[in-house]
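Pasting final.cif here (mmCIF, C-alpha atoms):
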```cif
data_run
loop_
_atom_site.label_atom_id
_atom_site.label_comp_id
_atom_site.auth_asym_id
_atom_site.auth_seq_id
_atom_site.Cartn_x
_atom_site.Cartn_y
_atom_site.Cartn_z
CA MET A 1 -4.06 -12.51 -39.62
CA LEU A 2 -3.58 -15.60 -37.51
CA TYR A 3 -6.70 -17.66 -36.78
CA LYS A 4 -7.62 -20.16 -34.10
CA ASP A 5 -10.14 -22.98 -34.26
CA PHE A 6 -13.04 -22.86 -31.82
CA GLN A 7 -15.55 -25.64 -32.39
CA ASP A 8 -16.69 -25.06 -35.99
CA LEU A 9 -15.49 -21.44 -36.15
CA LYS A 10 -12.33 -19.71 -37.33
CA LEU A 11 -11.67 -16.86 -34.92
CA SER A 12 -9.06 -14.19 -35.49
CA ALA A 13 -6.35 -14.69 -32.88
CA LEU A 14 -6.64 -10.96 -32.13
CA GLY A 15 -9.91 -9.68 -30.72
CA PHE A 16 -10.89 -6.01 -30.51
CA GLY A 17 -11.71 -5.17 -26.88
CA THR A 18 -13.86 -2.07 -26.37
CA MET A 19 -13.22 -1.09 -22.76
CA ARG A 20 -10.76 1.66 -23.74
CA LEU A 21 -12.13 3.18 -26.96
CA PRO A 22 -10.78 6.40 -28.52
CA LEU A 23 -12.15 9.56 -26.91
CA GLY A 24 -12.79 13.02 -28.28
CA ALA A 25 -12.00 16.33 -26.65
CA ASP A 26 -15.34 16.16 -24.83
CA GLY A 27 -14.41 12.87 -23.19
CA GLU A 28 -16.99 10.94 -25.20
CA ILE A 29 -16.27 8.04 -27.57
CA ASP A 30 -14.90 9.31 -30.88
CA GLN A 31 -17.23 7.45 -33.25
CA ALA A 32 -15.42 8.52 -36.42
CA GLN A 33 -12.08 7.26 -35.09
CA LEU A 34 -13.69 4.05 -33.87
CA ASP A 35 -15.27 3.48 -37.30
CA ALA A 36 -11.86 3.91 -38.92
CA MET A 37 -10.32 1.43 -36.49
CA VAL A 38 -13.07 -1.12 -37.11
CA ASP A 39 -12.58 -0.67 -40.86
CA ARG A 40 -8.88 -1.37 -40.47
CA ALA A 41 -9.54 -4.36 -38.24
CA MET A 42 -12.04 -5.87 -40.67
CA ALA A 43 -9.70 -5.30 -43.61
CA ALA A 44 -6.94 -7.10 -41.71
CA GLY A 45 -9.17 -10.08 -40.90
CA VAL A 46 -10.14 -9.34 -37.29
CA ASN A 47 -13.59 -10.84 -36.78
CA TYR A 48 -14.08 -10.86 -32.98
CA PHE A 49 -15.35 -7.81 -31.08
CA ASP A 50 -15.83 -7.73 -27.31
CA THR A 51 -17.96 -5.31 -25.30
CA ALA A 52 -19.72 -5.28 -21.93
CA TYR A 53 -22.63 -3.58 -20.21
CA PRO A 54 -20.58 -1.21 -18.00
CA TYR A 55 -17.86 -0.22 -20.48
CA HIS A 56 -17.72 3.54 -21.08
CA ASN A 57 -20.71 3.94 -18.75
CA GLY A 58 -22.89 1.84 -21.02
CA LYS A 59 -21.90 3.58 -24.26
CA SER A 60 -19.43 1.01 -25.56
CA GLU A 61 -22.19 -1.34 -26.71
CA LEU A 62 -23.87 1.45 -28.68
CA ALA A 63 -20.65 2.67 -30.27
CA ILE A 64 -19.35 -0.69 -31.45
CA ALA A 65 -22.84 -1.59 -32.68
CA ARG A 66 -22.87 1.49 -34.92
CA SER A 67 -19.50 0.55 -36.37
CA LEU A 68 -20.30 -3.10 -36.97
CA ALA A 69 -23.75 -2.39 -38.44
CA ARG A 70 -21.99 -1.19 -41.59
CA TYR A 71 -20.89 -4.75 -42.28
CA PRO A 72 -22.88 -7.96 -42.95
CA ARG A 73 -23.89 -9.68 -39.71
CA GLU A 74 -22.22 -12.92 -40.72
CA SER A 75 -18.82 -11.20 -41.14
CA TRP A 76 -18.21 -10.56 -37.44
CA TYR A 77 -18.64 -12.14 -34.04
CA LEU A 78 -19.88 -10.06 -31.12
CA ALA A 79 -19.30 -10.85 -27.45
CA ASP A 80 -21.19 -9.14 -24.63
CA LYS A 81 -21.40 -9.73 -20.89
CA PHE A 82 -23.94 -9.88 -18.08
CA PRO A 83 -22.93 -7.50 -15.25
CA GLY A 84 -23.77 -9.69 -12.28
CA HIS A 85 -20.52 -8.58 -10.63
CA GLN A 86 -21.97 -5.10 -10.16
CA ASN A 87 -24.21 -6.43 -7.40
CA VAL A 88 -21.29 -6.17 -5.01
CA ARG A 89 -21.85 -2.43 -5.10
CA GLY A 90 -24.97 -2.92 -3.05
CA VAL A 91 -27.61 -2.71 -5.76
CA THR A 92 -30.55 -5.06 -6.03
CA PRO A 93 -29.69 -8.26 -7.91
CA MET A 94 -29.72 -7.66 -11.63
CA GLN A 95 -32.69 -8.98 -13.57
CA PRO A 96 -31.11 -11.05 -16.34
CA ALA A 97 -34.03 -10.82 -18.77
CA GLU A 98 -34.21 -7.05 -18.45
CA ILE A 99 -30.47 -6.59 -18.96
CA PHE A 100 -30.22 -9.10 -21.81
CA GLU A 101 -33.07 -7.59 -23.81
CA GLU A 102 -31.56 -4.13 -23.32
CA GLN A 103 -28.20 -5.35 -24.57
CA LEU A 104 -29.69 -6.95 -27.69
CA ALA A 105 -31.49 -3.70 -28.46
CA LYS A 106 -28.43 -1.54 -27.86
CA CYS A 107 -26.29 -3.74 -30.07
CA GLY A 108 -28.96 -4.03 -32.75
CA VAL A 109 -28.70 -7.81 -32.96
CA ASP A 110 -31.01 -10.79 -32.56
CA TYR A 111 -28.34 -12.91 -30.91
CA PHE A 112 -24.87 -12.73 -29.39
CA ASP A 113 -22.21 -14.98 -30.85
CA PHE A 114 -20.49 -15.10 -27.45
CA TYR A 115 -21.96 -14.17 -24.10
CA LEU A 116 -20.21 -14.14 -20.73
CA LEU A 117 -21.11 -14.07 -17.08
CA HIS A 118 -18.95 -11.05 -16.30
CA ASN A 119 -16.22 -10.91 -13.69
CA ILE A 120 -17.02 -13.81 -11.40
CA ASN A 121 -14.72 -13.52 -8.41
CA GLU A 122 -14.58 -14.05 -4.66
CA HIS A 123 -16.78 -10.99 -4.08
CA SER A 124 -19.38 -11.52 -6.80
CA LEU A 125 -19.69 -15.29 -6.39
CA TYR A 126 -22.44 -14.73 -3.84
CA TYR A 127 -24.69 -13.25 -6.52
CA TYR A 128 -23.70 -15.56 -9.36
CA GLY A 129 -23.95 -18.58 -7.11
CA ASN A 130 -27.30 -17.66 -5.56
CA PRO A 131 -29.91 -19.99 -7.13
CA ASP A 132 -32.66 -17.46 -6.33
CA ASN A 133 -31.16 -15.10 -8.95
CA HIS A 134 -31.57 -17.69 -11.74
CA TYR A 135 -28.67 -16.21 -13.71
CA LEU A 136 -27.25 -19.39 -15.21
CA GLU A 137 -30.70 -20.88 -15.69
CA TYR A 138 -31.85 -17.88 -17.71
CA PHE A 139 -28.81 -17.72 -19.99
CA LEU A 140 -28.85 -21.44 -20.66
CA GLU A 141 -32.47 -20.94 -21.71
CA GLN A 142 -31.42 -18.15 -24.10
CA LYS A 143 -28.72 -20.37 -25.53
CA GLY A 144 -31.31 -23.05 -26.14
CA LYS A 145 -33.34 -20.49 -28.09
CA GLY A 146 -30.35 -19.57 -30.23
CA ARG A 147 -30.05 -16.05 -28.82
CA ILE A 148 -26.65 -16.97 -27.38
CA LYS A 149 -24.46 -19.09 -29.61
CA HIS A 150 -21.68 -19.73 -27.10
CA LEU A 151 -21.83 -19.20 -23.33
CA GLY A 152 -18.81 -18.59 -21.13
CA PHE A 153 -17.56 -16.45 -18.27
CA SER A 154 -14.82 -14.02 -17.34
CA THR A 155 -13.08 -14.16 -14.01
CA HIS A 156 -10.43 -12.46 -11.90
CA ALA A 157 -10.87 -15.06 -9.17
CA GLY A 158 -7.94 -16.79 -7.56
CA PRO A 159 -7.20 -20.42 -8.44
CA GLU A 160 -9.04 -21.83 -5.41
CA CYS A 161 -12.20 -19.85 -6.15
CA LEU A 162 -11.99 -20.77 -9.84
CA LYS A 163 -11.70 -24.45 -8.92
CA GLY A 164 -14.89 -24.30 -6.85
CA LEU A 165 -16.65 -22.39 -9.60
CA LEU A 166 -15.71 -24.94 -12.24
CA GLU A 167 -17.02 -27.72 -10.03
CA LYS A 168 -20.41 -25.99 -10.00
CA ILE A 169 -20.84 -24.62 -13.52
CA GLY A 170 -17.87 -25.87 -15.55
CA LYS A 171 -19.96 -28.35 -17.52
CA HIS A 172 -22.07 -25.49 -18.91
CA MET A 173 -19.19 -23.18 -19.90
CA GLU A 174 -17.68 -23.22 -23.39
CA PHE A 175 -14.84 -20.74 -22.81
CA CYS A 176 -13.30 -18.67 -20.01
CA GLN A 177 -11.72 -15.23 -20.15
CA ILE A 178 -8.89 -14.62 -17.66
CA GLN A 179 -6.24 -12.00 -17.04
CA LEU A 180 -3.15 -13.49 -18.62
CA ASN A 181 0.27 -11.95 -19.23
CA TYR A 182 3.87 -12.67 -18.32
CA VAL A 183 3.59 -10.82 -15.00
CA ASP A 184 0.33 -12.40 -13.82
CA TRP A 185 1.46 -15.85 -14.94
CA LYS A 186 2.93 -16.11 -11.44
CA LEU A 187 1.70 -13.00 -9.61
CA GLN A 188 -2.01 -13.85 -9.94
CA GLY A 189 -1.76 -17.60 -10.46
CA ALA A 190 -2.66 -17.48 -14.15
CA GLU A 191 -0.58 -20.58 -14.86
CA GLU A 192 -2.56 -22.57 -12.31
CA LYS A 193 -5.82 -21.23 -13.74
CA CYS A 194 -4.83 -22.37 -17.24
CA VAL A 195 -4.18 -25.86 -15.90
CA LEU A 196 -7.59 -25.93 -14.17
CA LEU A 197 -9.37 -24.82 -17.33
CA ALA A 198 -7.49 -27.38 -19.41
CA ASP A 199 -8.65 -30.11 -17.01
CA TYR A 200 -12.23 -29.11 -17.84
CA GLY A 201 -11.53 -28.79 -21.55
CA ILE A 202 -12.41 -25.08 -21.49
CA PRO A 203 -10.53 -22.86 -23.99
CA VAL A 204 -8.79 -19.76 -22.64
CA TRP A 205 -9.65 -16.24 -23.73
CA VAL A 206 -7.01 -13.66 -22.74
CA MET A 207 -7.77 -10.24 -21.28
CA GLU A 208 -5.23 -7.65 -20.11
CA PRO A 209 -2.39 -9.09 -22.24
CA VAL A 210 -0.41 -5.86 -21.73
CA ARG A 211 -1.93 -5.23 -18.29
CA GLY A 212 -3.83 -2.08 -19.10
CA GLY A 213 -0.79 -0.64 -20.88
CA ARG A 214 1.65 -1.34 -18.02
CA LEU A 215 3.63 -3.74 -20.24
CA ALA A 216 3.74 -1.32 -23.16
CA HIS A 217 6.36 1.04 -21.75
CA PHE A 218 9.40 0.65 -19.50
CA ASP A 219 12.43 2.66 -18.50
CA GLU A 220 15.00 3.44 -21.22
CA ALA A 221 17.48 0.80 -20.11
CA THR A 222 14.88 -2.00 -20.15
CA GLU A 223 13.48 -0.99 -23.53
CA ALA A 224 17.01 -0.82 -24.95
CA LYS A 225 17.58 -4.45 -23.93
CA MET A 226 14.33 -5.48 -25.58
CA ARG A 227 15.06 -3.62 -28.82
CA ALA A 228 18.55 -5.08 -28.99
CA LEU A 229 17.04 -8.55 -29.09
CA ARG A 230 14.07 -7.68 -31.30
CA PRO A 231 14.80 -4.45 -33.19
CA ASP A 232 11.79 -4.85 -35.51
CA GLU A 233 9.19 -5.33 -32.78
CA SER A 234 7.41 -2.88 -30.50
CA ILE A 235 7.52 -3.18 -26.73
CA PRO A 236 3.83 -4.24 -26.50
CA ALA A 237 4.50 -6.98 -29.07
CA TRP A 238 6.67 -8.79 -26.53
CA ALA A 239 3.61 -9.46 -24.38
CA PHE A 240 1.78 -11.03 -27.31
CA ARG A 241 4.85 -13.04 -28.36
CA TRP A 242 5.05 -14.39 -24.81
CA LEU A 243 1.45 -15.60 -25.12
CA GLN A 244 2.31 -17.29 -28.41
CA THR A 245 5.29 -18.99 -26.78
CA VAL A 246 4.02 -20.11 -23.39
CA THR A 247 0.23 -20.48 -23.57
CA ARG A 248 -2.37 -22.22 -25.71
CA SER A 249 -4.91 -19.44 -25.64
CA THR A 250 -7.61 -19.31 -28.31
CA MET A 251 -8.49 -15.61 -28.21
CA VAL A 252 -6.36 -12.61 -27.22
CA LEU A 253 -8.29 -9.40 -26.58
CA SER A 254 -6.60 -6.05 -26.88
CA GLY A 255 -8.29 -2.83 -25.79
CA MET A 256 -7.03 -0.57 -28.56
CA SER A 257 -7.53 3.18 -28.12
CA ASN A 258 -6.04 4.54 -31.34
CA MET A 259 -5.04 3.55 -34.85
CA ALA A 260 -1.35 3.26 -33.98
CA GLN A 261 -2.13 0.51 -31.46
CA MET A 262 -4.37 -1.19 -34.02
CA GLU A 263 -1.63 -1.16 -36.68
CA ASP A 264 0.97 -2.46 -34.25
CA ASN A 265 -1.26 -5.33 -33.15
CA ILE A 266 -2.14 -6.25 -36.71
CA ARG A 267 1.57 -6.50 -37.53
CA THR A 268 2.14 -8.65 -34.46
CA PHE A 269 -0.72 -11.01 -35.25
CA SER A 270 0.29 -11.48 -38.88
CA ALA A 271 2.63 -14.31 -37.84
CA GLU A 272 3.76 -16.28 -34.82
CA LYS A 273 7.26 -15.41 -33.70
CA PRO A 274 7.89 -17.27 -30.43
CA LEU A 275 10.47 -15.99 -27.95
CA ASP A 276 13.73 -17.83 -27.43
CA GLU A 277 15.28 -18.69 -24.07
CA LYS A 278 17.27 -15.46 -23.84
CA GLU A 279 14.18 -13.37 -24.58
CA LEU A 280 12.10 -15.28 -22.06
CA ALA A 281 14.81 -14.72 -19.47
CA LEU A 282 14.61 -10.96 -20.08
CA LEU A 283 10.86 -11.01 -19.52
CA GLY A 284 11.55 -12.94 -16.32
CA GLU A 285 13.72 -10.06 -15.14
CA ILE A 286 11.01 -7.56 -16.02
CA ARG A 287 8.45 -9.67 -14.19
CA GLU A 288 10.54 -9.59 -11.05
CA MET A 289 10.89 -5.84 -11.34
CA LEU A 290 7.15 -5.28 -11.74
CA ALA A 291 5.97 -7.85 -9.21
CA ARG A 292 6.54 -5.27 -6.51
CA SER A 293 4.07 -2.82 -8.08
CA ILE A 294 0.34 -2.37 -7.40
CA PRO A 295 -1.49 -4.68 -9.87
CA CYS A 296 -4.12 -2.17 -11.05
CA THR A 297 -5.30 -2.65 -14.65
CA GLY A 298 -7.41 0.52 -14.86
CA CYS A 299 -10.79 -1.23 -15.13
CA ARG A 300 -12.36 1.60 -13.07
CA TYR A 301 -14.86 -0.63 -11.24
CA CYS A 302 -13.70 1.11 -8.05
CA CYS A 303 -14.69 4.57 -9.28
CA ALA A 304 -18.44 4.03 -9.58
CA GLY A 305 -19.02 3.47 -5.88
CA CYS A 306 -16.45 5.89 -4.46
CA PRO A 307 -18.31 8.45 -2.27
CA MET A 308 -15.47 10.94 -2.80
CA GLU A 309 -15.50 10.39 -6.58
CA LEU A 310 -11.74 9.80 -6.63
CA ASN A 311 -9.87 8.76 -9.76
CA ILE A 312 -8.45 5.70 -8.03
CA PRO A 313 -6.78 3.98 -11.03
CA GLU A 314 -4.97 7.20 -11.92
CA MET A 315 -3.61 7.54 -8.39
CA LEU A 316 -2.58 3.87 -8.17
CA ALA A 317 -0.68 4.36 -11.43
CA MET A 318 1.01 7.37 -9.86
CA ALA A 319 1.90 5.26 -6.83
CA ASN A 320 3.62 2.72 -9.11
CA GLU A 321 5.50 5.49 -10.88
CA MET A 322 6.64 7.03 -7.60
CA ALA A 323 7.75 3.62 -6.35
CA ILE A 324 10.27 3.49 -9.20
CA GLY A 325 11.50 7.02 -8.47
CA SER A 326 10.26 10.54 -7.85
CA SER A 327 8.83 12.01 -11.05
CA ILE A 328 8.13 15.67 -11.73
CA THR A 329 5.53 14.67 -14.31
CA THR A 330 3.76 12.45 -11.79
CA ILE A 331 3.79 15.22 -9.19
CA ALA A 332 2.26 17.59 -11.74
CA ARG A 333 -0.53 15.15 -12.57
CA TYR A 334 -1.16 14.54 -8.90
CA THR A 335 -1.37 18.27 -8.17
CA ALA A 336 -3.78 18.73 -11.08
CA LEU A 337 -6.28 16.39 -9.44
CA GLY A 338 -7.25 19.28 -7.18
CA GLU A 339 -8.15 19.64 -3.53
CA GLY A 340 -10.47 16.93 -2.26
CA LYS A 341 -9.60 14.61 -5.17
CA ARG A 342 -6.16 13.45 -4.10
CA ALA A 343 -5.16 10.42 -2.07
CA ASP A 344 -5.56 12.17 1.27
CA ALA A 345 -9.31 12.60 0.53
CA CYS A 346 -9.92 8.85 0.85
CA ILE A 347 -12.19 8.13 3.83
CA GLY A 348 -11.32 4.43 3.96
CA CYS A 349 -14.87 3.16 3.44
CA GLY A 350 -13.62 0.09 1.57
CA GLN A 351 -16.22 0.03 -1.22
CA CYS A 352 -13.40 0.01 -3.75
CA VAL A 353 -11.87 -3.09 -2.16
CA GLN A 354 -15.12 -4.99 -2.53
CA VAL A 355 -15.24 -4.53 -6.30
CA CYS A 356 -11.55 -4.66 -7.18
CA PRO A 357 -10.81 -7.66 -9.46
CA GLN A 358 -7.18 -7.50 -8.36
CA ASN A 359 -8.02 -7.58 -4.61
CA ILE A 360 -6.02 -4.38 -4.04
CA GLU A 361 -6.25 -2.84 -0.57
CA VAL A 362 -6.97 0.54 -2.13
CA PRO A 363 -7.31 2.68 1.05
CA THR A 364 -3.96 1.42 2.28
CA GLU A 365 -2.27 2.18 -1.04
CA LEU A 366 -3.82 5.64 -1.20
CA GLU A 367 -2.64 6.36 2.33
CA LYS A 368 0.89 5.39 1.29
CA LEU A 369 0.67 7.60 -1.77
CA ALA A 370 -0.55 10.55 0.30
CA GLU A 371 2.43 10.13 2.62
CA ILE A 372 4.87 9.96 -0.31
CA MET A 373 3.40 13.03 -1.98
CA ALA A 374 3.41 15.01 1.25
CA LYS A 375 7.20 14.68 1.31
CA GLN A 376 7.61 15.97 -2.25
CA LYS A 377 7.98 19.53 -3.37
CA SER A 378 4.67 20.78 -4.74
CA TRP A 379 4.30 21.40 -8.45
CA GLU A 380 4.04 25.12 -7.69
CA GLN A 381 7.35 24.99 -5.80
CA ILE A 382 9.04 23.15 -8.63
CA CYS A 383 7.77 25.68 -11.18
CA ALA A 384 8.83 28.60 -8.99
CA GLU A 385 12.33 27.17 -8.57
CA ARG A 386 12.67 26.60 -12.29
CA ALA A 387 11.49 30.13 -13.03
CA ALA A 388 13.98 31.54 -10.53
CA ALA A 389 16.82 29.50 -12.02
CA ALA A 390 15.92 30.67 -15.53
CA ALA A 391 15.83 34.28 -14.37
CA ALA A 392 19.22 33.89 -12.73
CA LEU A 393 20.75 32.48 -15.90
CA LYS A 394 19.25 35.33 -17.94
CA ALA A 395 20.64 37.89 -15.52
CA LYS A 396 24.12 36.42 -15.95
CA GLY A 397 23.76 36.97 -19.68
#
```
In structure tokens, what does this structure look like?
Amino acid sequence: MLYKDFQDLKLSALGFGTMRLPLGADGEIDQAQLDAMVDRAMAAGVNYFDTAYPYHNGKSELAIARSLARYPRESWYLADKFPGHQNVRGVTPMQPAEIFEEQLAKCGVDYFDFYLLHNINEHSLYYYGNPDNHYLEYFLEQKGKGRIKHLGFSTHAGPECLKGLLEKIGKHMEFCQIQLNYVDWKLQGAEEKCVLLADYGIPVWVMEPVRGGRLAHFDEATEAKMRALRPDESIPAWAFRWLQTVTRSTMVLSGMSNMAQMEDNIRTFSAEKPLDEKELALLGEIREMLARSIPCTGCRYCCAGCPMELNIPEMLAMANEMAIGSSITTIARYTALGEGKRADACIGCGQCVQVCPQNIEVPTELEKLAEIMAKQKSWEQICAERAAAAAALKAKG
């Protein structure tokens, strides 16, 4: 396992993110599988685990706490986050003391090794920046008491917003977690953000290194090019190798959902294998191809406030798939959503836009998807045609 220096600590370069934990048939977190994954991570030298108040509807903190409790407290570092960004959904400003005490209890700890102001962006800055909420004041107090060892923040804000934020609170922040991968290096101004953070001497924590799985799979032709250059590496490994080549990040978080992903990441983080110029050029081509897609990472913040209870990330993923070319599989998944749960059910209220870290104009994209799907043959039609063709072939003998 590779390690990075952070102050007086040795942190595993790979951190276990818990936003996308393994699920059982009932849709709940599979604790047994999670325990096995934590065991494998610990055996490999992973020592950093990241959770947050809203992950898995509040159950992520409990699940990872159960897994980590089987190991000595000094053998792992736990990061949690204050959900001030949720105020953009119209709820009363969060009470930091109430939330913080609840989190400590849920995680079964007396202190957090790392604690973040969660998802500060153009929409949530009003709440984080409101002095009447006393957010920063309270958490600095907790740090002084030793209940927070290191205080930082995560952000999906644009470079201009981040610059203003750093001017206000940069001197209090020890690290910053940003969305960083070879697509968002340019698409979301991640390169400029890294420069800003370096100016303030704030180490970079990486989230969405494979963009919610979008950089883990490509079309056959693209993957063939990648395997020709690196036959011994997986497709997701390219995203991590890019980070090792281009950035100076301290922590890379990966939201692993199964043991196969865990094993692949452990192999990747066993050594640094920077990309050469030819390999970087190939990722540049892929970046150009993907830059035209909808930049949804599947965080699901949009789902909580949707009055129609739509699975927005799933439909935005379908929109990206359909943009590349009509897909029978995509049409089947879209049909399976059911009446009243597809893109044409969106009422355009805009609540999703207010909470989207990627600033996606969701109603507009759903309207486009509805128009595209309306022009496709329905899944029932496709199945009927296939059945008829099979019957015809059988009749011919």
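Take atom CA of A:Tyr71 and atom CA of A:Arg147: the distance between them is 19.8 Å.
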Closest-contact table, stretch 252-349 of chain A side, partner stretch 37-59 of chain A, 10 Å, counting only C-alpha atoms, as a tab-separated table:
```
residue	atom	partner	partner_atom	distance
A:Val252	CA	A:Tyr48	CA	9.8
A:Leu253	CA	A:Asp50	CA	7.8
A:Ser254	CA	A:Asp50	CA	9.4
A:Gly255	CA	A:Asp50	CA	9.1
A:Met256	CA	A:Met37	CA	8.8
A:Ser257	CA	A:Met37	CA	9.0
A:Asn258	CA	A:Met37	CA	7.4
A:Met259	CA	A:Met37	CA	5.9
A:Ala260	CA	A:Met37	CA	9.5
A:Gln261	CA	A:Met37	CA	9.7
A:Met262	CA	A:Met37	CA	7.0
A:Glu263	CA	A:Arg40	CA	8.2
A:Asn265	CA	A:Ala41	CA	9.8
A:Ile266	CA	A:Ala44	CA	7.0
A:Arg267	CA	A:Ala44	CA	9.5
A:Phe269	CA	A:Val46	CA	9.8
A:Ser270	CA	A:Ala44	CA	8.9
A:Cys299	CA	A:Tyr55	CA	8.9
A:Arg300	CA	A:Tyr55	CA	9.4
A:Tyr301	CA	A:Pro54	CA	8.9
A:Ala304	CA	A:Asn57	CA	9.4
```
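Here the question is which of A:Glu367, A:Leu104, A:Lys377, A:Met94 gets nearest to A:Tyr127 using only C-alpha atoms, and that residue is A:Met94.
The two atoms in question, atom CA of A:Tyr3 and atom CA of A:Ile120, are spaced 27.7 Å apart.
When you apply the PyMOL selection byres ((chain A and resi 168-176) around 8) to this structure, what comes back is A:His150, A:Leu151, A:Gly152, A:Phe153, A:Ser154, A:Thr155, A:Gly164, A:Leu165, A:Leu166, A:Glu167, A:Gln177, A:Ile178, A:Leu197, A:Tyr200, A:Ile202, A:Pro203, A:Val204, A:Trp205.
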C-alpha atoms of the current selection, written as a PDB file, in the coordinates of the input:
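Dumped everything to selection08.pdb:
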```pdb
ATOM      1  CA  HIS A 150     -21.680 -19.730 -27.100  1.00  0.00           C
ATOM      2  CA  LEU A 151     -21.830 -19.200 -23.330  1.00  0.00           C
ATOM      3  CA  GLY A 152     -18.810 -18.590 -21.130  1.00  0.00           C
ATOM      4  CA  PHE A 153     -17.560 -16.450 -18.270  1.00  0.00           C
ATOM      5  CA  SER A 154     -14.820 -14.020 -17.340  1.00  0.00           C
ATOM      6  CA  THR A 155     -13.080 -14.160 -14.010  1.00  0.00           C
ATOM      7  CA  GLY A 164     -14.890 -24.300  -6.850  1.00  0.00           C
ATOM      8  CA  LEU A 165     -16.650 -22.390  -9.600  1.00  0.00           C
ATOM      9  CA  LEU A 166     -15.710 -24.940 -12.240  1.00  0.00           C
ATOM     10  CA  GLU A 167     -17.020 -27.720 -10.030  1.00  0.00           C
ATOM     11  CA  GLN A 177     -11.720 -15.230 -20.150  1.00  0.00           C
ATOM     12  CA  ILE A 178      -8.890 -14.620 -17.660  1.00  0.00           C
ATOM     13  CA  LEU A 197      -9.370 -24.820 -17.330  1.00  0.00           C
ATOM     14  CA  TYR A 200     -12.230 -29.110 -17.840  1.00  0.00           C
ATOM     15  CA  ILE A 202     -12.410 -25.080 -21.490  1.00  0.00           C
ATOM     16  CA  PRO A 203     -10.530 -22.860 -23.990  1.00  0.00           C
ATOM     17  CA  VAL A 204      -8.790 -19.760 -22.640  1.00  0.00           C
ATOM     18  CA  TRP A 205      -9.650 -16.240 -23.730  1.00  0.00           C
TER      19      TRP A 205
END
```
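Picked by the PyMOL selection byres ((chain A and resi 217) around 12) from the coordinates shown: Val210, Arg211, Gly212, Gly213, Arg214, Leu215, Ala216, Phe218, Asp219, Glu220, Ala221, Thr222, Glu223, Ala224, Met226, Ser234, Ile235, Pro236, Ala237, Trp238, Ala239, Ile286, Leu290 and Glu321 of chain A.
For A:Val195, the list of residues within 12 Å, based on only C-alpha atoms and with local chain neighbours fewer than 4 positions off taken out, reads Pro159, Leu162, Lys163, Trp185, Gly189, Ala190, Glu191, Asp199, Tyr200, Gly201, Ile202, Pro203, Val204, Thr247, Arg248 and Ser249 of chain A.
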Excluding stretch 336-338 of chain A and any residue of its chain fewer than 5 positions from it, enumerate the residues within 10 Å of it, using only C-alpha atoms, and give them as a PDB file with C-alpha atoms, in the coordinates of the input.
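What follows is the written file out-v1.pdb:
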```pdb
ATOM      1  CA  LEU A 310     -11.740   9.800  -6.630  1.00  0.00           C
ATOM      2  CA  ASN A 311      -9.870   8.760  -9.760  1.00  0.00           C
ATOM      3  CA  GLU A 314      -4.970   7.200 -11.920  1.00  0.00           C
ATOM      4  CA  MET A 315      -3.610   7.540  -8.390  1.00  0.00           C
ATOM      5  CA  THR A 330       3.760  12.450 -11.790  1.00  0.00           C
ATOM      6  CA  ILE A 331       3.790  15.220  -9.190  1.00  0.00           C
ATOM      7  CA  ALA A 343      -5.160  10.420  -2.070  1.00  0.00           C
ATOM      8  CA  TRP A 379       4.300  21.400  -8.450  1.00  0.00           C
TER       9      TRP A 379
END
```
Residue nearest A:Glu279 - candidates A:Thr245, A:Asn320, A:Gln179, A:Gln188, atoms counted: all atoms listed in the file: A:Thr245
Please extract stretch 225-234 of chain A and write it out with N, CA and C atoms, as a short mmCIF file (atom, residue, chain, number, x, y, z; two decimals), in the first residue's frame.
```
data_model
loop_
_atom_site.label_atom_id
_atom_site.label_comp_id
_atom_site.auth_asym_id
_atom_site.auth_seq_id
_atom_site.Cartn_x
_atom_site.Cartn_y
_atom_site.Cartn_z
N LYS A 225 -8.10 -0.08 -26.97
CA LYS A 225 -6.93 0.82 -27.03
C LYS A 225 -6.22 0.90 -25.69
N MET A 226 -7.01 0.96 -24.62
CA MET A 226 -6.43 1.07 -23.28
C MET A 226 -5.70 -0.21 -22.90
N ARG A 227 -6.29 -1.35 -23.21
CA ARG A 227 -5.67 -2.63 -22.85
C ARG A 227 -4.43 -2.91 -23.70
N ALA A 228 -4.41 -2.39 -24.91
CA ALA A 228 -3.22 -2.57 -25.75
C ALA A 228 -2.01 -1.86 -25.14
N LEU A 229 -2.26 -0.74 -24.51
CA LEU A 229 -1.17 0.03 -23.89
C LEU A 229 -0.84 -0.49 -22.49
N ARG A 230 -1.86 -0.95 -21.77
CA ARG A 230 -1.64 -1.45 -20.41
C ARG A 230 -2.43 -2.75 -20.22
N PRO A 231 -1.92 -3.85 -20.76
CA PRO A 231 -2.66 -5.11 -20.71
C PRO A 231 -2.86 -5.66 -19.30
N ASP A 232 -2.04 -5.26 -18.35
CA ASP A 232 -2.14 -5.81 -17.00
C ASP A 232 -2.97 -4.94 -16.05
N GLU A 233 -3.55 -3.86 -16.57
CA GLU A 233 -4.31 -2.96 -15.70
C GLU A 233 -5.78 -2.92 -16.10
N SER A 234 -6.62 -2.71 -15.11
CA SER A 234 -8.06 -2.58 -15.36
C SER A 234 -8.36 -1.20 -15.93
#
```
